[in-house]
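J.: Just one file: coords17.cif, with mmCIF, C-alpha atoms.
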```cif
data_entry
#
loop_
_atom_site.label_atom_id
_atom_site.label_comp_id
_atom_site.auth_asym_id
_atom_site.auth_seq_id
_atom_site.Cartn_x
_atom_site.Cartn_y
_atom_site.Cartn_z
CA MET M 1 -34.05 -22.50 17.97
CA ASN M 2 -30.84 -23.48 19.69
CA TRP M 3 -28.24 -21.00 20.96
CA PRO M 4 -25.34 -21.79 18.56
CA LEU M 5 -27.63 -21.15 15.59
CA PHE M 6 -28.79 -17.89 17.16
CA TRP M 7 -25.21 -16.69 17.72
CA ALA M 8 -24.16 -17.70 14.19
CA LEU M 9 -27.07 -15.76 12.69
CA ALA M 10 -26.39 -12.75 14.94
CA LEU M 11 -22.72 -12.76 13.94
CA ALA M 12 -23.54 -13.02 10.23
CA PHE M 13 -26.08 -10.21 10.53
CA GLY M 14 -23.52 -8.06 12.36
CA VAL M 15 -20.88 -8.63 9.69
CA ILE M 16 -23.34 -7.73 6.92
CA VAL M 17 -24.50 -4.55 8.68
CA GLY M 18 -20.88 -3.60 9.44
CA ASN M 19 -19.87 -4.00 5.81
CA ILE M 20 -22.81 -1.89 4.63
CA MET M 21 -21.87 0.84 7.11
CA LEU M 22 -18.23 0.70 5.95
CA ILE M 23 -19.27 1.06 2.31
CA LYS M 24 -21.49 4.04 3.13
CA HIS M 25 -18.67 5.68 5.07
CA SER M 26 -16.05 5.09 2.38
CA ALA M 27 -18.37 6.53 -0.28
CA LYS M 28 -18.19 9.89 1.51
CA ILE M 29 -14.37 10.03 1.45
CA LYS M 30 -13.00 12.15 -1.38
CA MET M 31 -10.05 10.60 -3.19
CA PRO M 32 -7.37 12.96 -4.56
CA SER M 33 -7.11 13.09 -8.31
CA LEU M 34 -3.94 12.14 -10.17
CA LYS M 35 -3.39 15.78 -11.08
CA ASP M 36 -3.07 16.60 -7.39
CA LEU M 37 -0.34 13.97 -7.04
CA SER M 38 2.17 15.63 -9.36
CA GLU M 39 4.98 15.03 -6.87
CA PRO M 40 5.35 11.31 -5.98
CA PHE M 41 6.79 11.93 -2.52
CA PRO M 42 5.79 14.96 -0.45
CA LYS M 43 8.63 17.13 0.77
CA GLN M 44 9.63 16.68 4.36
CA PRO M 45 9.65 19.80 6.53
CA GLY M 46 13.20 20.97 7.05
CA ASP M 47 14.49 19.02 4.04
CA GLY M 48 16.92 21.62 2.79
CA LYS M 49 19.90 21.29 0.47
CA ASP M 50 22.38 22.59 3.05
CA ASN M 51 21.39 20.15 5.81
CA LYS M 52 21.76 16.61 4.44
CA SER M 53 22.04 13.46 6.43
CA GLY M 54 24.69 10.88 5.64
CA ALA M 55 22.30 8.55 3.81
CA GLN M 56 20.98 11.34 1.59
CA ALA M 57 24.46 12.57 0.72
CA GLU M 58 25.66 9.04 -0.09
CA THR M 59 22.78 8.30 -2.48
CA GLU M 60 23.37 11.55 -4.32
CA VAL M 61 27.10 10.84 -4.69
CA ASN M 62 26.70 7.14 -5.55
CA PRO M 63 23.37 6.63 -7.31
CA PRO M 64 22.11 3.03 -7.45
CA ALA M 65 23.03 1.02 -10.52
CA ALA M 66 20.45 0.93 -13.30
CA GLN M 67 18.31 -2.17 -13.21
CA LYS M 68 17.55 -4.15 -16.31
CA PRO M 69 14.36 -6.14 -16.74
CA ASN M 70 14.32 -9.76 -15.65
CA SER M 71 14.03 -12.37 -18.37
CA PRO M 72 13.40 -16.11 -18.04
CA GLU M 73 16.45 -16.91 -20.22
CA GLU M 74 18.81 -15.04 -17.90
CA ASN M 75 17.29 -16.70 -14.85
CA ALA M 76 17.71 -20.15 -16.39
CA ALA M 77 21.33 -19.41 -17.35
CA ALA M 78 22.06 -18.16 -13.84
CA ASP M 79 20.48 -21.28 -12.33
CA ARG M 80 22.59 -23.57 -14.52
CA ALA M 81 25.77 -21.64 -13.64
CA ASP M 82 25.20 -22.29 -9.93
#
```
Will you turn the file into structure tokens for me?

T.:
Amino acid sequence: MNWPLFWALALAFGVIVGNIMLIKHSAKIKMPSLKDLSEPFPKQPGDGKDNKSGAQAETEVNPPAAQKPNSPEENAAADRAD
């Protein structure tokens, strides 16, 4: 057996064993249920109503404009207008 073949087989074997170990480790991790994620973004410590940064105050005063869904007809019309 030549050395390049040996190293290729050793590398392949190492990758396979590593993937099996990763799968076994990830099977032990408990995923939170969707019921636990009732709030999409966790509250930041010290995030009070009286102490707002400039960016937070601006977004509350001027909320972003509502977005409408993209349609192929509108995209084609916009392309022709340009």

J.: Just give me the gap between atom CA of M:His25 and atom CA of M:Ala8 in Å, one decimal is fine.

T.: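 Distance reported for this atom pair: 25.7 Å.
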
J.: For the atom pair atom CA of M:Leu22 and atom CA of M:Lys35, what is the interatomic distance in Å to one decimal place?

T.: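 Between these atoms lies a distance of 27.2 Å.
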
J.: One decimal, in Å: what's the spacing between atom CA of M:Ser26 and atom CA of M:Ala12?

T.: 21.1 Å
